[in-house]
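File shown: query33.cif (mmCIF, N, CA and C atoms).
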data_target
#
loop_
_atom_site.group_PDB
_atom_site.id
_atom_site.type_symbol
_atom_site.label_atom_id
_atom_site.label_comp_id
_atom_site.auth_asym_id
_atom_site.auth_seq_id
_atom_site.Cartn_x
_atom_site.Cartn_y
_atom_site.Cartn_z
ATOM 1 N N MET A 277 0.861 -1.162 0.000
ATOM 2 C CA MET A 277 0.000 0.000 0.000
ATOM 3 C C MET A 277 0.905 1.222 0.000
ATOM 4 N N ARG A 278 0.664 2.110 -0.936
ATOM 5 C CA ARG A 278 1.473 3.324 -1.018
ATOM 6 C C ARG A 278 0.561 4.538 -0.998
ATOM 7 N N GLY A 279 1.019 5.549 -0.307
ATOM 8 C CA GLY A 279 0.314 6.823 -0.309
ATOM 9 C C GLY A 279 -0.614 7.005 0.879
ATOM 10 N N ARG A 280 -0.750 8.246 1.242
ATOM 11 C CA ARG A 280 -1.563 8.628 2.389
ATOM 12 C C ARG A 280 -3.026 8.267 2.197
ATOM 13 N N GLU A 281 -3.562 8.534 1.009
ATOM 14 C CA GLU A 281 -4.983 8.269 0.759
ATOM 15 C C GLU A 281 -5.299 6.773 0.794
ATOM 16 N N ALA A 282 -4.432 5.950 0.213
ATOM 17 C CA ALA A 282 -4.652 4.499 0.226
ATOM 18 C C ALA A 282 -4.660 3.976 1.659
ATOM 19 N N PHE A 283 -3.725 4.463 2.476
ATOM 20 C CA PHE A 283 -3.678 4.045 3.876
ATOM 21 C C PHE A 283 -4.936 4.493 4.609
ATOM 22 N N ALA A 284 -5.321 5.761 4.443
ATOM 23 C CA ALA A 284 -6.489 6.295 5.141
ATOM 24 C C ALA A 284 -7.752 5.525 4.774
ATOM 25 N N THR A 285 -7.935 5.205 3.509
ATOM 26 C CA THR A 285 -9.115 4.463 3.065
ATOM 27 C C THR A 285 -9.144 3.074 3.697
ATOM 28 N N ALA A 286 -8.031 2.359 3.640
ATOM 29 C CA ALA A 286 -7.970 1.014 4.210
ATOM 30 C C ALA A 286 -8.182 1.046 5.716
ATOM 31 N N PHE A 287 -7.612 2.029 6.386
ATOM 32 C CA PHE A 287 -7.749 2.138 7.836
ATOM 33 C C PHE A 287 -9.200 2.407 8.227
ATOM 34 N N LYS A 288 -9.849 3.330 7.531
ATOM 35 C CA LYS A 288 -11.253 3.653 7.831
ATOM 36 C C LYS A 288 -12.153 2.442 7.662
ATOM 37 N N MET A 289 -11.893 1.636 6.645
ATOM 38 C CA MET A 289 -12.687 0.426 6.429
ATOM 39 C C MET A 289 -12.439 -0.586 7.551
ATOM 40 N N GLY A 290 -11.191 -0.731 7.937
ATOM 41 C CA GLY A 290 -10.827 -1.719 8.947
ATOM 42 C C GLY A 290 -11.362 -1.426 10.326
ATOM 43 N N VAL A 291 -11.294 -0.177 10.762
ATOM 44 C CA VAL A 291 -11.695 0.143 12.139
ATOM 45 C C VAL A 291 -13.208 0.069 12.339
ATOM 46 N N GLN A 292 -13.953 -0.176 11.299
ATOM 47 C CA GLN A 292 -15.388 -0.411 11.458
ATOM 48 C C GLN A 292 -15.643 -1.800 12.035
ATOM 49 N N HIS A 293 -14.635 -2.679 11.963
ATOM 50 C CA HIS A 293 -14.813 -4.068 12.358
ATOM 51 C C HIS A 293 -13.902 -4.515 13.496
ATOM 52 N N ILE A 294 -12.946 -3.691 13.859
ATOM 53 C CA ILE A 294 -11.960 -4.086 14.870
ATOM 54 C C ILE A 294 -11.642 -2.931 15.809
ATOM 55 N N ARG A 295 -11.090 -3.289 16.964
ATOM 56 C CA ARG A 295 -10.530 -2.288 17.884
ATOM 57 C C ARG A 295 -9.026 -2.542 17.928
ATOM 58 N N ILE A 296 -8.237 -1.486 17.804
ATOM 59 C CA ILE A 296 -6.783 -1.600 17.812
ATOM 60 C C ILE A 296 -6.245 -0.912 19.060
ATOM 61 N N GLU A 297 -5.438 -1.646 19.812
ATOM 62 C CA GLU A 297 -4.750 -1.085 20.968
ATOM 63 C C GLU A 297 -3.256 -1.303 20.745
ATOM 64 N N SER A 298 -2.463 -0.274 21.003
ATOM 65 C CA SER A 298 -1.028 -0.424 20.772
ATOM 66 C C SER A 298 -0.229 0.346 21.813
ATOM 67 N N SER A 299 0.997 -0.089 21.987
ATOM 68 C CA SER A 299 1.947 0.631 22.831
ATOM 69 C C SER A 299 3.319 0.516 22.170
ATOM 70 N N VAL A 300 4.131 1.514 22.393
ATOM 71 C CA VAL A 300 5.450 1.542 21.761
ATOM 72 C C VAL A 300 6.493 1.981 22.787
ATOM 73 N N THR A 301 7.679 1.393 22.658
ATOM 74 C CA THR A 301 8.827 1.802 23.450
ATOM 75 C C THR A 301 9.913 2.241 22.470
ATOM 76 N N ILE A 302 10.226 3.530 22.494
ATOM 77 C CA ILE A 302 11.276 4.050 21.612
ATOM 78 C C ILE A 302 12.613 3.648 22.205
ATOM 79 N N GLN A 303 13.446 3.018 21.387
ATOM 80 C CA GLN A 303 14.723 2.532 21.881
ATOM 81 C C GLN A 303 15.909 3.347 21.396
ATOM 82 N N GLU A 304 15.765 3.978 20.240
ATOM 83 C CA GLU A 304 16.897 4.736 19.706
ATOM 84 C C GLU A 304 16.401 5.721 18.658
ATOM 85 N N ILE A 305 16.997 6.906 18.648
ATOM 86 C CA ILE A 305 16.758 7.900 17.600
ATOM 87 C C ILE A 305 18.116 8.463 17.198
ATOM 88 N N GLN A 306 18.374 8.494 15.899
ATOM 89 C CA GLN A 306 19.625 9.043 15.383
ATOM 90 C C GLN A 306 19.306 10.003 14.246
ATOM 91 N N ILE A 307 20.043 11.102 14.188
ATOM 92 C CA ILE A 307 19.877 12.092 13.123
ATOM 93 C C ILE A 307 21.202 12.222 12.382
ATOM 94 N N ALA A 308 21.110 12.200 11.051
ATOM 95 C CA ALA A 308 22.293 12.367 10.205
ATOM 96 C C ALA A 308 21.905 13.290 9.054
ATOM 97 N N GLY A 309 22.226 14.558 9.188
ATOM 98 C CA GLY A 309 21.887 15.526 8.142
ATOM 99 C C GLY A 309 20.386 15.683 8.007
ATOM 100 N N ASP A 310 19.884 15.439 6.804
ATOM 101 C CA ASP A 310 18.454 15.610 6.529
ATOM 102 C C ASP A 310 17.666 14.320 6.687
ATOM 103 N N PHE A 311 18.280 13.292 7.267
ATOM 104 C CA PHE A 311 17.593 12.029 7.524
ATOM 105 C C PHE A 311 17.750 11.650 8.987
ATOM 106 N N ALA A 312 16.758 10.937 9.481
ATOM 107 C CA ALA A 312 16.809 10.428 10.850
ATOM 108 C C ALA A 312 16.107 9.082 10.872
ATOM 109 N N TYR A 313 16.470 8.269 11.854
ATOM 110 C CA TYR A 313 15.745 7.022 12.013
ATOM 111 C C TYR A 313 15.416 6.804 13.480
ATOM 112 N N GLY A 314 14.369 6.046 13.682
ATOM 113 C CA GLY A 314 13.966 5.652 15.021
ATOM 114 C C GLY A 314 13.774 4.155 15.067
ATOM 115 N N LEU A 315 14.305 3.523 16.101
ATOM 116 C CA LEU A 315 14.111 2.104 16.343
ATOM 117 C C LEU A 315 13.212 1.975 17.561
ATOM 118 N N SER A 316 12.123 1.231 17.417
ATOM 119 C CA SER A 316 11.140 1.093 18.488
ATOM 120 C C SER A 316 10.702 -0.357 18.612
ATOM 121 N N HIS A 317 10.107 -0.672 19.761
ATOM 122 C CA HIS A 317 9.459 -1.966 19.944
ATOM 123 C C HIS A 317 7.966 -1.681 20.081
ATOM 124 N N LEU A 318 7.159 -2.372 19.273
ATOM 125 C CA LEU A 318 5.720 -2.114 19.175
ATOM 126 C C LEU A 318 4.936 -3.350 19.611
ATOM 127 N N ASN A 319 3.880 -3.125 20.392
ATOM 128 C CA ASN A 319 2.926 -4.164 20.766
ATOM 129 C C ASN A 319 1.558 -3.741 20.249
ATOM 130 N N VAL A 320 0.860 -4.652 19.560
ATOM 131 C CA VAL A 320 -0.447 -4.349 18.983
ATOM 132 C C VAL A 320 -1.418 -5.482 19.322
ATOM 133 N N VAL A 321 -2.628 -5.102 19.740
ATOM 134 C CA VAL A 321 -3.704 -6.068 19.955
ATOM 135 C C VAL A 321 -4.874 -5.627 19.081
ATOM 136 N N VAL A 322 -5.326 -6.537 18.212
ATOM 137 C CA VAL A 322 -6.455 -6.269 17.319
ATOM 138 C C VAL A 322 -7.595 -7.189 17.753
ATOM 139 N N THR A 323 -8.716 -6.578 18.172
ATOM 140 C CA THR A 323 -9.853 -7.338 18.678
ATOM 141 C C THR A 323 -11.049 -7.145 17.763
ATOM 142 N N PRO A 324 -11.633 -8.245 17.240
ATOM 143 C CA PRO A 324 -12.843 -8.119 16.413
ATOM 144 C C PRO A 324 -14.000 -7.565 17.248
ATOM 145 N N LEU A 325 -14.733 -6.606 16.709
ATOM 146 C CA LEU A 325 -15.858 -6.015 17.440
ATOM 147 C C LEU A 325 -17.038 -6.973 17.550
ATOM 148 N N GLN A 326 -17.144 -7.933 16.653
ATOM 149 C CA GLN A 326 -18.254 -8.895 16.677
ATOM 150 C C GLN A 326 -17.916 -10.141 17.487
ATOM 151 N N GLY A 327 -16.850 -10.101 18.247
ATOM 152 C CA GLY A 327 -16.443 -11.254 19.040
ATOM 153 C C GLY A 327 -15.321 -12.010 18.368
ATOM 154 N N GLY A 328 -14.693 -12.853 19.132
ATOM 155 C CA GLY A 328 -13.568 -13.615 18.611
ATOM 156 C C GLY A 328 -12.309 -13.296 19.381
ATOM 157 N N ALA A 329 -11.321 -14.129 19.184
ATOM 158 C CA ALA A 329 -10.057 -13.978 19.909
ATOM 159 C C ALA A 329 -9.254 -12.801 19.383
ATOM 160 N N PRO A 330 -8.665 -12.030 20.284
ATOM 161 C CA PRO A 330 -7.790 -10.938 19.849
ATOM 162 C C PRO A 330 -6.523 -11.484 19.198
ATOM 163 N N MET A 331 -6.006 -10.756 18.212
ATOM 164 C CA MET A 331 -4.708 -11.063 17.610
ATOM 165 C C MET A 331 -3.670 -10.171 18.272
ATOM 166 N N ARG A 332 -2.610 -10.778 18.746
ATOM 167 C CA ARG A 332 -1.535 -10.029 19.397
ATOM 168 C C ARG A 332 -0.276 -10.142 18.545
ATOM 169 N N ARG A 333 0.337 -8.993 18.280
ATOM 170 C CA ARG A 333 1.568 -8.947 17.502
ATOM 171 C C ARG A 333 2.549 -8.030 18.225
ATOM 172 N N SER A 334 3.821 -8.359 18.125
ATOM 173 C CA SER A 334 4.842 -7.484 18.695
ATOM 174 C C SER A 334 6.130 -7.645 17.896
ATOM 175 N N GLY A 335 6.958 -6.630 17.976
ATOM 176 C CA GLY A 335 8.241 -6.684 17.292
ATOM 177 C C GLY A 335 8.828 -5.300 17.125
ATOM 178 N N TYR A 336 9.914 -5.268 16.397
ATOM 179 C CA TYR A 336 10.643 -4.016 16.198
ATOM 180 C C TYR A 336 10.158 -3.277 14.956
ATOM 181 N N THR A 337 10.249 -1.964 15.014
ATOM 182 C CA THR A 337 9.938 -1.120 13.863
ATOM 183 C C THR A 337 11.137 -0.215 13.598
ATOM 184 N N LEU A 338 11.330 0.076 12.329
ATOM 185 C CA LEU A 338 12.364 1.017 11.904
ATOM 186 C C LEU A 338 11.669 2.100 11.100
ATOM 187 N N THR A 339 11.751 3.324 11.568
ATOM 188 C CA THR A 339 11.088 4.448 10.919
ATOM 189 C C THR A 339 12.147 5.434 10.447
ATOM 190 N N ILE A 340 12.035 5.838 9.194
ATOM 191 C CA ILE A 340 12.983 6.796 8.621
ATOM 192 C C ILE A 340 12.255 8.096 8.323
ATOM 193 N N PHE A 341 12.842 9.195 8.771
ATOM 194 C CA PHE A 341 12.282 10.527 8.556
ATOM 195 C C PHE A 341 13.197 11.320 7.625
ATOM 196 N N ARG A 342 12.603 12.268 6.908
ATOM 197 C CA ARG A 342 13.357 13.154 6.023
ATOM 198 C C ARG A 342 13.010 14.592 6.394
ATOM 199 N N LYS A 343 14.020 15.443 6.438
ATOM 200 C CA LYS A 343 13.806 16.859 6.729
ATOM 201 C C LYS A 343 13.494 17.587 5.432
ATOM 202 N N GLU A 344 12.369 18.274 5.407
ATOM 203 C CA GLU A 344 11.951 19.038 4.232
ATOM 204 C C GLU A 344 12.688 20.369 4.170
ATOM 205 N N ALA A 345 12.610 21.024 3.036
ATOM 206 C CA ALA A 345 13.292 22.318 2.832
ATOM 207 C C ALA A 345 12.809 23.372 3.823
ATOM 208 N N ASP A 346 11.549 23.262 4.265
ATOM 209 C CA ASP A 346 11.005 24.242 5.215
ATOM 210 C C ASP A 346 11.317 23.898 6.673
ATOM 211 N N GLY A 347 12.106 22.824 6.892
ATOM 212 C CA GLY A 347 12.520 22.459 8.244
ATOM 213 C C GLY A 347 11.651 21.401 8.917
ATOM 214 N N ARG A 348 10.526 21.041 8.312
ATOM 215 C CA ARG A 348 9.657 20.013 8.906
ATOM 216 C C ARG A 348 10.252 18.624 8.695
ATOM 217 N N TRP A 349 10.097 17.766 9.694
ATOM 218 C CA TRP A 349 10.460 16.357 9.554
ATOM 219 C C TRP A 349 9.223 15.589 9.146
ATOM 220 N N VAL A 350 9.349 14.752 8.105
ATOM 221 C CA VAL A 350 8.211 13.965 7.626
ATOM 222 C C VAL A 350 8.600 12.486 7.575
ATOM 223 N N LEU A 351 7.596 11.635 7.710
ATOM 224 C CA LEU A 351 7.809 10.205 7.592
ATOM 225 C C LEU A 351 8.205 9.878 6.165
ATOM 226 N N PHE A 352 9.323 9.186 6.002
ATOM 227 C CA PHE A 352 9.826 8.840 4.675
ATOM 228 C C PHE A 352 9.594 7.357 4.387
ATOM 229 N N ARG A 353 9.941 6.487 5.309
ATOM 230 C CA ARG A 353 9.719 5.044 5.181
ATOM 231 C C ARG A 353 9.476 4.464 6.570
ATOM 232 N N ASP A 354 8.751 3.351 6.599
ATOM 233 C CA ASP A 354 8.463 2.695 7.866
ATOM 234 C C ASP A 354 8.395 1.195 7.619
ATOM 235 N N ALA A 355 9.055 0.428 8.432
ATOM 236 C CA ALA A 355 9.036 -1.028 8.289
ATOM 237 C C ALA A 355 8.893 -1.643 9.672
ATOM 238 N N ASN A 356 8.227 -2.776 9.722
ATOM 239 C CA ASN A 356 8.090 -3.447 11.009
ATOM 240 C C ASN A 356 8.304 -4.946 10.855
ATOM 241 N N LEU A 357 8.659 -5.557 11.955
ATOM 242 C CA LEU A 357 8.845 -7.003 12.021
ATOM 243 C C LEU A 357 7.905 -7.569 13.086
ATOM 244 N N LEU A 358 6.627 -7.197 12.991
ATOM 245 C CA LEU A 358 5.655 -7.682 13.971
ATOM 246 C C LEU A 358 5.343 -9.150 13.708
ATOM 247 N N THR A 359 5.418 -9.945 14.759
ATOM 248 C CA THR A 359 5.106 -11.357 14.665
ATOM 249 C C THR A 359 4.110 -11.723 15.759
ATOM 250 N N PRO A 360 3.399 -12.836 15.606
ATOM 251 C CA PRO A 360 2.456 -13.247 16.653
ATOM 252 C C PRO A 360 3.189 -13.462 17.981
ATOM 253 N N GLU A 361 2.567 -13.011 19.067
ATOM 254 C CA GLU A 361 3.129 -13.245 20.389
ATOM 255 C C GLU A 361 2.903 -14.696 20.777
ATOM 256 N N ALA A 362 3.827 -15.241 21.508
ATOM 257 C CA ALA A 362 3.656 -16.603 22.012
ATOM 258 C C ALA A 362 2.523 -16.617 23.031
ATOM 259 N N ALA A 363 1.725 -17.671 23.011
ATOM 260 C CA ALA A 363 0.612 -17.797 23.965
ATOM 261 C C ALA A 363 1.179 -17.940 25.362
ATOM 262 N N SER A 364 0.527 -17.286 26.319
ATOM 263 C CA SER A 364 0.991 -17.385 27.701
ATOM 264 C C SER A 364 0.552 -18.725 28.275
ATOM 265 N N THR A 365 1.323 -19.237 29.200
ATOM 266 C CA THR A 365 1.020 -20.530 29.813
ATOM 267 C C THR A 365 0.597 -20.372 31.258
ATOM 268 N N SER A 366 0.119 -19.193 31.623
ATOM 269 C CA SER A 366 -0.259 -18.963 33.021
ATOM 270 C C SER A 366 -1.665 -19.412 33.288
#

Would you mind writing the file's structure down as structure tokens?
Amino acid sequence: MRGREAFATAFKMGVQHIRIESSVTIQEIQIAGDFAYGLSHLNVVVTPLQGGAPMRRSGYTLTIFRKEADGRWVLFRDANLLTPEAASTS
């Protein structure tokens, strides 16, 4: 999926059927000239609104930002390695 509009459309359709809860721990931010990156650990729980088991995913994300000519930092690329969480045995 590329572009802001494609993401917004898909997201609006999805949240009609699910609840998304997430938390993030920022682990590192580095700036080099007009580019910066952030390394984070993300936890996401997606719960169907009509019932059913929640899906739990967690993993690392790498986000790259670019500094625009006017000084604003914008999201340039984003990648994640979210995988299913292991079931708890408690």

Identify all residues satisfying the PyMOL selection byres ((chain A and resi 334) around 7) in the given file; provide them as a list in words.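 That selection, the PyMOL selection byres ((chain A and resi 334) around 7), comes back as His317, Leu318, Asn319, Val320, Arg332, Arg333, Gly335, Tyr336, Leu357, Leu358, Thr359, Pro360 and Glu361 of chain A.
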
Which is closest to A:Val321 among A:Asp346, A:Glu297, A:Glu281, A:Asp354, if we use all atoms listed in the file?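 With all atoms listed in the file as the atom set, the closest residue is A:Glu297.
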
Hey, what's within 12 Å of A:Arg295 if we count only C-alpha atoms and toss same-chain stuff fewer than 2 positions away? As a list in words, please? Phe287, Lys288, Met289, Gly290, Val291, Gln292, His293, Glu297, Ser298, Val320, Val321, Val322, Thr323, Pro324, Leu325, Gln326, Gly327, Gly328, Ala329, Pro330, Met331 and Arg332 of chain A

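With atom N of A:Gly314 on one side and atom CA of A:Thr285 on the other, the separation reads 25.8 Å.
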
All strand (DSSP E or B) residues (DSSP, backbone) inside chain A, as number ranges by chain: A: 294-308, 311-324, 331-343, 349-356, 359-360

One-decimal distance in Å that lies between atom CA of A:Phe311 and atom C of A:Glu344: 10.2 Å

So which residues of chain A fall under helix (DSSP H, G or I) by DSSP, listed as an NGL selection string? :A and (280-290)

Using only the atoms of stretch 277-296 of chain A listed in the file, plus 3 Å on each side, state the axis-aligned box centre and edge lengths in Å rounded to one decimal, as AutoDock Vina command-line options.
--center_x -7.1 --center_y 2.1 --center_z 9.0 --size_x 23.1 --size_y 19.1 --size_z 26.1

Quick check, in Å to one decimal: how far apart do atom CA of A:Leu315 and atom C of A:Arg348 lie?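 Between atom CA of A:Leu315 and atom C of A:Arg348 the gap works out to 18.6 Å.
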
Selection result for the PyMOL selection byres ((chain A and resi 313) around 7) on this file, as a JSON list (two decimals) with N, CA and C atoms, keeping the file's coordinate frame:
[["chain", "number", "residue", "atom", "x", "y", "z"],
["A", 304, "GLU", "N", 15.76, 3.98, 20.24],
["A", 304, "GLU", "CA", 16.90, 4.74, 19.71],
["A", 304, "GLU", "C", 16.40, 5.72, 18.66],
["A", 305, "ILE", "N", 17.00, 6.91, 18.65],
["A", 305, "ILE", "CA", 16.76, 7.90, 17.60],
["A", 305, "ILE", "C", 18.12, 8.46, 17.20],
["A", 306, "GLN", "N", 18.37, 8.49, 15.90],
["A", 306, "GLN", "CA", 19.62, 9.04, 15.38],
["A", 306, "GLN", "C", 19.31, 10.00, 14.25],
["A", 307, "ILE", "N", 20.04, 11.10, 14.19],
["A", 307, "ILE", "CA", 19.88, 12.09, 13.12],
["A", 307, "ILE", "C", 21.20, 12.22, 12.38],
["A", 308, "ALA", "N", 21.11, 12.20, 11.05],
["A", 308, "ALA", "CA", 22.29, 12.37, 10.20],
["A", 308, "ALA", "C", 21.90, 13.29, 9.05],
["A", 311, "PHE", "N", 18.28, 13.29, 7.27],
["A", 311, "PHE", "CA", 17.59, 12.03, 7.52],
["A", 311, "PHE", "C", 17.75, 11.65, 8.99],
["A", 312, "ALA", "N", 16.76, 10.94, 9.48],
["A", 312, "ALA", "CA", 16.81, 10.43, 10.85],
["A", 312, "ALA", "C", 16.11, 9.08, 10.87],
["A", 314, "GLY", "N", 14.37, 6.05, 13.68],
["A", 314, "GLY", "CA", 13.97, 5.65, 15.02],
["A", 314, "GLY", "C", 13.77, 4.16, 15.07],
["A", 315, "LEU", "N", 14.30, 3.52, 16.10],
["A", 315, "LEU", "CA", 14.11, 2.10, 16.34],
["A", 315, "LEU", "C", 13.21, 1.98, 17.56],
["A", 338, "LEU", "N", 11.33, 0.08, 12.33],
["A", 338, "LEU", "CA", 12.36, 1.02, 11.90],
["A", 338, "LEU", "C", 11.67, 2.10, 11.10],
["A", 339, "THR", "N", 11.75, 3.32, 11.57],
["A", 339, "THR", "CA", 11.09, 4.45, 10.92],
["A", 339, "THR", "C", 12.15, 5.43, 10.45],
["A", 340, "ILE", "N", 12.04, 5.84, 9.19],
["A", 340, "ILE", "CA", 12.98, 6.80, 8.62],
["A", 340, "ILE", "C", 12.26, 8.10, 8.32],
["A", 341, "PHE", "N", 12.84, 9.20, 8.77],
["A", 341, "PHE", "CA", 12.28, 10.53, 8.56],
["A", 341, "PHE", "C", 13.20, 11.32, 7.62]]

Find the residue from A:Ser316, A:Lys343, A:Thr301, A:Thr337 that sits nearest to A:Ala355; use all atoms listed in the file when measuring.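 So, comparing all the options, the nearest one is A:Thr337.
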